[in-house]
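my_file_1.tsv (TSV, N, CA and C atoms)
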```
chain	number	residue	atom	x	y	z
A	1	MET	N	-10.69	-7.71	12.14
A	1	MET	CA	-9.25	-7.92	12.17
A	1	MET	C	-8.69	-7.67	10.76
A	2	ILE	N	-7.57	-6.99	10.69
A	2	ILE	CA	-6.96	-6.66	9.41
A	2	ILE	C	-6.28	-7.86	8.79
A	3	PHE	N	-5.46	-8.57	9.58
A	3	PHE	CA	-4.69	-9.71	9.09
A	3	PHE	C	-5.24	-11.00	9.68
A	4	LYS	N	-4.92	-12.11	9.03
A	4	LYS	CA	-5.34	-13.42	9.53
A	4	LYS	C	-4.71	-13.70	10.90
A	5	ALA	N	-3.42	-13.35	11.04
A	5	ALA	CA	-2.70	-13.55	12.30
A	5	ALA	C	-1.46	-12.67	12.31
A	6	VAL	N	-0.93	-12.46	13.52
A	6	VAL	CA	0.30	-11.70	13.70
A	6	VAL	C	1.31	-12.61	14.39
A	7	ARG	N	2.45	-12.80	13.76
A	7	ARG	CA	3.51	-13.64	14.32
A	7	ARG	C	4.75	-12.79	14.58
A	8	ASP	N	5.66	-13.35	15.31
A	8	ASP	CA	6.96	-12.72	15.53
A	8	ASP	C	8.00	-13.67	14.97
A	9	GLY	N	8.34	-13.51	13.71
A	9	GLY	CA	9.32	-14.37	13.06
A	9	GLY	C	8.68	-15.25	12.00
A	10	ARG	N	9.54	-15.83	11.21
A	10	ARG	CA	9.13	-16.68	10.09
A	10	ARG	C	9.08	-18.14	10.54
A	11	PRO	N	7.97	-18.82	10.30
A	11	PRO	CA	7.90	-20.24	10.66
A	11	PRO	C	8.51	-21.15	9.59
A	12	TYR	N	8.76	-20.62	8.43
A	12	TYR	CA	9.28	-21.40	7.30
A	12	TYR	C	10.80	-21.27	7.21
A	13	PRO	N	11.46	-22.23	6.55
A	13	PRO	CA	12.92	-22.13	6.41
A	13	PRO	C	13.31	-20.98	5.48
A	14	ASP	N	14.55	-20.56	5.56
A	14	ASP	CA	15.06	-19.48	4.71
A	14	ASP	C	14.98	-19.90	3.25
A	15	HIS	N	14.38	-19.05	2.44
A	15	HIS	CA	14.25	-19.36	1.01
A	15	HIS	C	15.46	-18.89	0.21
A	16	GLY	N	16.19	-17.91	0.71
A	16	GLY	CA	17.40	-17.45	0.05
A	16	GLY	C	17.18	-16.64	-1.23
A	17	LEU	N	15.97	-16.16	-1.47
A	17	LEU	CA	15.71	-15.38	-2.68
A	17	LEU	C	16.38	-14.02	-2.61
A	18	THR	N	16.97	-13.61	-3.72
A	18	THR	CA	17.56	-12.28	-3.82
A	18	THR	C	16.49	-11.30	-4.29
A	19	LEU	N	16.79	-10.00	-4.21
A	19	LEU	CA	15.83	-9.01	-4.70
A	19	LEU	C	15.56	-9.19	-6.19
A	20	LYS	N	16.57	-9.59	-6.94
A	20	LYS	CA	16.40	-9.83	-8.38
A	20	LYS	C	15.44	-11.01	-8.61
A	21	GLU	N	15.56	-12.05	-7.80
A	21	GLU	CA	14.67	-13.21	-7.93
A	21	GLU	C	13.24	-12.85	-7.52
A	22	TRP	N	13.09	-12.03	-6.47
A	22	TRP	CA	11.76	-11.57	-6.08
A	22	TRP	C	11.13	-10.77	-7.22
A	23	ALA	N	11.93	-9.94	-7.88
A	23	ALA	CA	11.42	-9.09	-8.95
A	23	ALA	C	10.88	-9.91	-10.11
A	24	ALA	N	11.33	-11.15	-10.26
A	24	ALA	CA	10.85	-12.02	-11.33
A	24	ALA	C	9.50	-12.66	-11.01
A	25	VAL	N	9.06	-12.57	-9.76
A	25	VAL	CA	7.77	-13.13	-9.36
A	25	VAL	C	6.68	-12.12	-9.70
A	26	PRO	N	5.72	-12.50	-10.54
A	26	PRO	CA	4.69	-11.52	-10.93
A	26	PRO	C	3.76	-11.18	-9.76
A	27	PRO	N	3.40	-9.91	-9.61
A	27	PRO	CA	2.49	-9.53	-8.53
A	27	PRO	C	1.08	-10.03	-8.78
A	28	ARG	N	0.37	-10.26	-7.69
A	28	ARG	CA	-1.04	-10.64	-7.77
A	28	ARG	C	-1.76	-10.05	-6.56
A	29	SER	N	-3.06	-9.98	-6.67
A	29	SER	CA	-3.86	-9.41	-5.60
A	29	SER	C	-4.16	-10.48	-4.54
A	30	VAL	N	-4.00	-10.07	-3.27
A	30	VAL	CA	-4.27	-10.95	-2.13
A	30	VAL	C	-5.07	-10.15	-1.11
A	31	ARG	N	-6.05	-10.79	-0.51
A	31	ARG	CA	-6.84	-10.13	0.54
A	31	ARG	C	-5.98	-9.98	1.79
A	32	LEU	N	-6.08	-8.85	2.44
A	32	LEU	CA	-5.32	-8.59	3.66
A	32	LEU	C	-5.64	-9.61	4.75
A	33	ASP	N	-6.90	-10.04	4.83
A	33	ASP	CA	-7.29	-10.97	5.89
A	33	ASP	C	-6.82	-12.41	5.64
A	34	GLN	N	-6.08	-12.63	4.54
A	34	GLN	CA	-5.47	-13.93	4.28
A	34	GLN	C	-4.00	-13.95	4.70
A	35	LEU	N	-3.46	-12.78	5.05
A	35	LEU	CA	-2.03	-12.67	5.34
A	35	LEU	C	-1.72	-12.87	6.82
A	36	VAL	N	-0.62	-13.55	7.07
A	36	VAL	CA	-0.07	-13.70	8.41
A	36	VAL	C	1.21	-12.88	8.44
A	37	THR	N	1.30	-11.92	9.33
A	37	THR	CA	2.50	-11.09	9.39
A	37	THR	C	3.63	-11.85	10.08
A	38	THR	N	4.86	-11.49	9.75
A	38	THR	CA	6.03	-12.10	10.39
A	38	THR	C	6.75	-11.10	11.28
A	39	LYS	N	6.13	-9.93	11.46
A	39	LYS	CA	6.69	-8.89	12.33
A	39	LYS	C	5.59	-8.37	13.24
A	40	ARG	N	5.94	-8.17	14.50
A	40	ARG	CA	4.98	-7.64	15.47
A	40	ARG	C	5.14	-6.14	15.65
A	41	VAL	N	6.31	-5.62	15.33
A	41	VAL	CA	6.64	-4.23	15.61
A	41	VAL	C	6.47	-3.40	14.34
A	42	LEU	N	5.86	-2.26	14.51
A	42	LEU	CA	5.62	-1.34	13.40
A	42	LEU	C	6.27	-0.01	13.73
A	43	ALA	N	7.06	0.50	12.80
A	43	ALA	CA	7.69	1.81	12.97
A	43	ALA	C	6.77	2.86	12.36
A	44	LEU	N	6.20	3.69	13.19
A	44	LEU	CA	5.24	4.68	12.73
A	44	LEU	C	5.85	5.64	11.71
A	45	ASP	N	7.14	5.97	11.86
A	45	ASP	CA	7.77	6.88	10.89
A	45	ASP	C	7.83	6.26	9.50
A	46	LYS	N	8.00	4.94	9.41
A	46	LYS	CA	8.00	4.27	8.11
A	46	LYS	C	6.60	4.21	7.52
A	47	LEU	N	5.62	4.02	8.38
A	47	LEU	CA	4.24	3.97	7.92
A	47	LEU	C	3.82	5.29	7.28
A	48	LEU	N	4.27	6.38	7.87
A	48	LEU	CA	3.85	7.70	7.41
A	48	LEU	C	4.76	8.30	6.34
A	49	ALA	N	5.90	7.66	6.06
A	49	ALA	CA	6.85	8.21	5.09
A	49	ALA	C	6.32	8.10	3.67
A	50	ASP	N	6.46	9.19	2.92
A	50	ASP	CA	6.04	9.20	1.52
A	50	ASP	C	6.94	8.35	0.64
A	51	ASP	N	8.21	8.22	1.03
A	51	ASP	CA	9.18	7.51	0.19
A	51	ASP	C	9.53	6.13	0.76
A	52	SER	N	8.59	5.47	1.42
A	52	SER	CA	8.89	4.22	2.11
A	52	SER	C	9.33	3.10	1.17
A	53	THR	N	8.99	3.18	-0.11
A	53	THR	CA	9.41	2.14	-1.06
A	53	THR	C	10.48	2.64	-2.02
A	54	PHE	N	11.07	3.79	-1.74
A	54	PHE	CA	12.03	4.39	-2.66
A	54	PHE	C	13.20	3.46	-2.98
A	55	PHE	N	13.73	2.77	-1.99
A	55	PHE	CA	14.88	1.91	-2.22
A	55	PHE	C	14.52	0.44	-2.32
A	56	GLY	N	13.24	0.11	-2.23
A	56	GLY	CA	12.84	-1.30	-2.24
A	56	GLY	C	11.85	-1.61	-3.34
A	57	ASP	N	11.32	-2.81	-3.28
A	57	ASP	CA	10.32	-3.28	-4.23
A	57	ASP	C	9.01	-2.55	-3.98
A	58	LEU	N	8.28	-2.24	-5.03
A	58	LEU	CA	6.98	-1.60	-4.88
A	58	LEU	C	5.94	-2.55	-4.30
A	59	PHE	N	6.17	-3.85	-4.47
A	59	PHE	CA	5.20	-4.85	-4.03
A	59	PHE	C	5.72	-5.59	-2.80
A	60	PRO	N	4.88	-5.76	-1.80
A	60	PRO	CA	5.27	-6.56	-0.63
A	60	PRO	C	5.60	-8.00	-1.02
A	61	HIS	N	6.41	-8.65	-0.22
A	61	HIS	CA	6.82	-10.04	-0.47
A	61	HIS	C	6.06	-10.96	0.47
A	62	VAL	N	5.45	-11.99	-0.12
A	62	VAL	CA	4.66	-12.97	0.63
A	62	VAL	C	5.20	-14.35	0.31
A	63	VAL	N	5.32	-15.18	1.32
A	63	VAL	CA	5.75	-16.57	1.14
A	63	VAL	C	4.55	-17.47	1.43
A	64	ALA	N	4.17	-18.27	0.43
A	64	ALA	CA	3.12	-19.26	0.61
A	64	ALA	C	3.78	-20.55	1.08
A	65	TRP	N	3.41	-20.98	2.29
A	65	TRP	CA	4.04	-22.15	2.88
A	65	TRP	C	3.05	-22.88	3.76
A	66	GLU	N	2.91	-24.16	3.52
A	66	GLU	CA	2.02	-25.03	4.29
A	66	GLU	C	0.62	-24.46	4.46
A	67	GLY	N	0.07	-23.92	3.37
A	67	GLY	CA	-1.31	-23.46	3.37
A	67	GLY	C	-1.55	-22.06	3.89
A	68	SER	N	-0.50	-21.36	4.27
A	68	SER	CA	-0.67	-19.98	4.76
A	68	SER	C	0.15	-19.01	3.91
A	69	LEU	N	-0.27	-17.75	3.92
A	69	LEU	CA	0.44	-16.69	3.21
A	69	LEU	C	1.11	-15.79	4.24
A	70	TYR	N	2.45	-15.81	4.27
A	70	TYR	CA	3.21	-15.05	5.26
A	70	TYR	C	3.74	-13.76	4.64
A	71	LEU	N	3.38	-12.64	5.21
A	71	LEU	CA	3.84	-11.33	4.76
A	71	LEU	C	5.24	-11.11	5.31
A	72	GLU	N	6.23	-11.35	4.46
A	72	GLU	CA	7.63	-11.28	4.89
A	72	GLU	C	8.16	-9.84	4.85
A	73	ASP	N	7.77	-9.11	3.85
A	73	ASP	CA	8.23	-7.73	3.68
A	73	ASP	C	7.08	-6.90	3.14
A	74	GLY	N	6.82	-5.75	3.75
A	74	GLY	CA	5.76	-4.88	3.26
A	74	GLY	C	4.65	-4.66	4.26
A	75	LEU	N	4.92	-4.90	5.54
A	75	LEU	CA	3.90	-4.70	6.58
A	75	LEU	C	3.37	-3.27	6.56
A	76	HIS	N	4.26	-2.30	6.41
A	76	HIS	CA	3.84	-0.91	6.42
A	76	HIS	C	2.92	-0.60	5.23
A	77	ARG	N	3.26	-1.13	4.06
A	77	ARG	CA	2.41	-0.91	2.88
A	77	ARG	C	1.06	-1.58	3.05
A	78	ALA	N	1.05	-2.78	3.63
A	78	ALA	CA	-0.21	-3.49	3.84
A	78	ALA	C	-1.09	-2.74	4.84
A	79	LEU	N	-0.50	-2.25	5.91
A	79	LEU	CA	-1.27	-1.51	6.90
A	79	LEU	C	-1.77	-0.18	6.33
A	80	ARG	N	-0.94	0.45	5.52
A	80	ARG	CA	-1.37	1.69	4.87
A	80	ARG	C	-2.59	1.42	3.98
A	81	ALA	N	-2.59	0.30	3.26
A	81	ALA	CA	-3.74	-0.08	2.43
A	81	ALA	C	-4.98	-0.28	3.30
A	82	ALA	N	-4.82	-0.93	4.45
A	82	ALA	CA	-5.94	-1.14	5.36
A	82	ALA	C	-6.49	0.19	5.88
A	83	LEU	N	-5.60	1.12	6.20
A	83	LEU	CA	-6.04	2.43	6.68
A	83	LEU	C	-6.79	3.21	5.60
A	84	GLN	N	-6.51	2.87	4.34
A	84	GLN	CA	-7.23	3.48	3.22
A	84	GLN	C	-8.50	2.70	2.89
A	85	GLN	N	-8.86	1.77	3.78
A	85	GLN	CA	-10.05	0.94	3.67
A	85	GLN	C	-10.05	0.03	2.45
A	86	ARG	N	-8.87	-0.38	2.04
A	86	ARG	CA	-8.75	-1.37	0.97
A	86	ARG	C	-8.72	-2.75	1.62
A	87	THR	N	-9.32	-3.73	0.99
A	87	THR	CA	-9.36	-5.08	1.55
A	87	THR	C	-8.32	-6.00	0.93
A	88	SER	N	-7.67	-5.55	-0.15
A	88	SER	CA	-6.65	-6.38	-0.79
A	88	SER	C	-5.47	-5.51	-1.20
A	89	ILE	N	-4.39	-6.19	-1.53
A	89	ILE	CA	-3.16	-5.51	-1.91
A	89	ILE	C	-2.43	-6.36	-2.94
A	90	ASN	N	-1.71	-5.72	-3.85
A	90	ASN	CA	-0.91	-6.45	-4.82
A	90	ASN	C	0.43	-6.80	-4.20
A	91	VAL	N	0.78	-8.07	-4.25
A	91	VAL	CA	2.00	-8.59	-3.63
A	91	VAL	C	2.67	-9.58	-4.57
A	92	ARG	N	3.93	-9.87	-4.30
A	92	ARG	CA	4.64	-10.94	-4.99
A	92	ARG	C	4.57	-12.16	-4.08
A	93	VAL	N	4.06	-13.28	-4.58
A	93	VAL	CA	3.90	-14.49	-3.76
A	93	VAL	C	4.86	-15.56	-4.26
A	94	TYR	N	5.77	-15.97	-3.38
A	94	TYR	CA	6.67	-17.09	-3.66
A	94	TYR	C	6.09	-18.34	-3.04
A	95	ASP	N	5.80	-19.34	-3.87
A	95	ASP	CA	5.29	-20.63	-3.39
A	95	ASP	C	6.46	-21.49	-2.98
A	96	MET	N	6.72	-21.52	-1.68
A	96	MET	CA	7.86	-22.29	-1.16
A	96	MET	C	7.48	-23.76	-1.08
A	97	PRO	N	8.28	-24.61	-1.71
A	97	PRO	CA	7.99	-26.04	-1.61
A	97	PRO	C	8.31	-26.55	-0.21
A	98	THR	N	7.53	-27.52	0.25
A	98	THR	CA	7.85	-28.14	1.52
A	98	THR	C	8.94	-29.15	1.29
A	99	VAL	N	9.70	-29.48	2.30
A	99	VAL	CA	10.81	-30.41	2.18
A	99	VAL	C	10.31	-31.75	1.64
A	100	ALA	N	9.15	-32.20	2.08
A	100	ALA	CA	8.61	-33.48	1.66
A	100	ALA	C	8.22	-33.50	0.19
A	101	SER	N	7.89	-32.33	-0.40
A	101	SER	CA	7.45	-32.31	-1.79
A	101	SER	C	8.61	-32.23	-2.78
A	102	ARG	N	9.82	-31.96	-2.32
A	102	ARG	CA	10.98	-31.93	-3.20
A	102	ARG	C	11.49	-33.33	-3.46
A	103	PRO	N	11.91	-33.62	-4.69
A	103	PRO	CA	12.49	-34.93	-4.98
A	103	PRO	C	13.75	-35.15	-4.14
A	104	ALA	N	14.02	-36.40	-3.82
A	104	ALA	CA	15.21	-36.73	-3.02
A	104	ALA	C	16.45	-36.22	-3.73
A	105	GLY	N	17.31	-35.54	-2.98
A	105	GLY	CA	18.55	-35.02	-3.54
A	105	GLY	C	18.42	-33.69	-4.23
A	106	ALA	N	17.20	-33.17	-4.39
A	106	ALA	CA	17.01	-31.88	-5.06
A	106	ALA	C	17.40	-30.76	-4.10
A	107	ALA	N	18.05	-29.76	-4.65
A	107	ALA	CA	18.46	-28.61	-3.85
A	107	ALA	C	17.27	-27.69	-3.61
A	108	ASP	N	17.29	-26.99	-2.51
A	108	ASP	CA	16.32	-25.96	-2.23
A	108	ASP	C	16.51	-24.87	-3.28
A	109	PRO	N	15.43	-24.41	-3.97
A	109	PRO	CA	15.60	-23.41	-5.02
A	109	PRO	C	16.22	-22.12	-4.52
A	110	GLY	N	16.13	-21.85	-3.24
A	110	GLY	CA	16.71	-20.64	-2.69
A	110	GLY	C	18.19	-20.80	-2.40
A	111	THR	N	18.72	-22.04	-2.42
A	111	THR	CA	20.13	-22.24	-2.11
A	111	THR	C	20.92	-22.76	-3.30
A	112	ALA	N	20.22	-23.08	-4.40
A	112	ALA	CA	20.93	-23.58	-5.59
A	112	ALA	C	21.80	-22.46	-6.15
A	113	GLY	N	22.97	-22.79	-6.60
A	113	GLY	CA	23.86	-21.73	-7.08
A	113	GLY	C	24.40	-21.97	-8.35
```
Kindly present the structure from the file in structure tokens form.
Amino acid sequence: MIFKAVRDGRPYPDHGLTLKEWAAVPPRSVRLDQLVTTKRVLALDKLLADDSTFFGDLFPHVVAWEGSLYLEDGLHRALRAALQQRTSINVRVYDMPTVASRPAGAADPGTAG
């Protein structure tokens, strides 16, 4: 199996991160078999496109939440890596705090303005 699991949708609350905030998260290597996808549908034309990251981040976005790593953006890049027989990929991982771990009255970092 390429990924740990395949889901349809995000089980975690909206983090509200902007592309600029994602860009501030340093990339790190993650094994593909540790990732849980948040999309079930794959567009073959995007998978095969040479310029699939032209307008986006070069690194897929992963949300670490409740002990799992959710691949939020970059499914096509991750699958392309698997097809190239790579077992890991460089991604940006946002460690989302659980509601219980935030101090009382603290704003969600994704909604603070």
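Here the residues that fall within 8 Å of (2.5, -16.8, 5.9), using all atoms listed in the file, are given as Arg10, Pro11, Tyr12, Gln34, Leu35, Val36, Thr37, Thr38, Val62, Val63, Ala64, Trp65, Glu66, Gly67, Ser68, Leu69, Tyr70, Leu71 and Glu72 of chain A.
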With all atoms of range 73-85 of chain A from the file as input, state the centre and edge lengths in Å to one decimal of the axis-aligned box that has 4 Å extra on each side, as JSON.
```
{"center_x": -0.9, "center_y": -2.8, "center_z": 4.7, "size_x": 26.3, "size_y": 20.6, "size_z": 12.5}
```
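Residue neighbourhood of Pro26 in chain A, excluding near-sequence residues (fewer than 4 positions): Val91, Arg92 and Val93 of chain A, at 6.5 Å, using only N, CA and C atoms.
With all atoms listed in the file as the basis for measurement, A:Tyr94 is the residue among A:Arg77, A:Thr87, A:Arg40, A:Tyr94 that approaches Trp22 in chain A most closely.
One distance worth recording is that between CA of Met96 in chain A and atom C of Asp73 in chain A, which is 16.0 Å.
Reported to one decimal place, the separation of CA of Thr98 in chain A from CA of Pro60 in chain A is 21.8 Å.
The gap separating CA of His61 in chain A from CA of Asp14 in chain A is 13.6 Å, in Å to one decimal.
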*Please identify which residues in range 2-84 of chain A DSSP calls helix (DSSP H, G or I) from the backbone, and express them as an NGL selection string.*
:A and (19-23 or 32-34 or 44-48 or 75-83)
*asked:* With distances taken over all atoms listed in the file, which residue among A:Pro27, A:Pro13, A:Phe3, A:Leu32 lies nearest Phe59 in chain A?
replied: A:Pro27
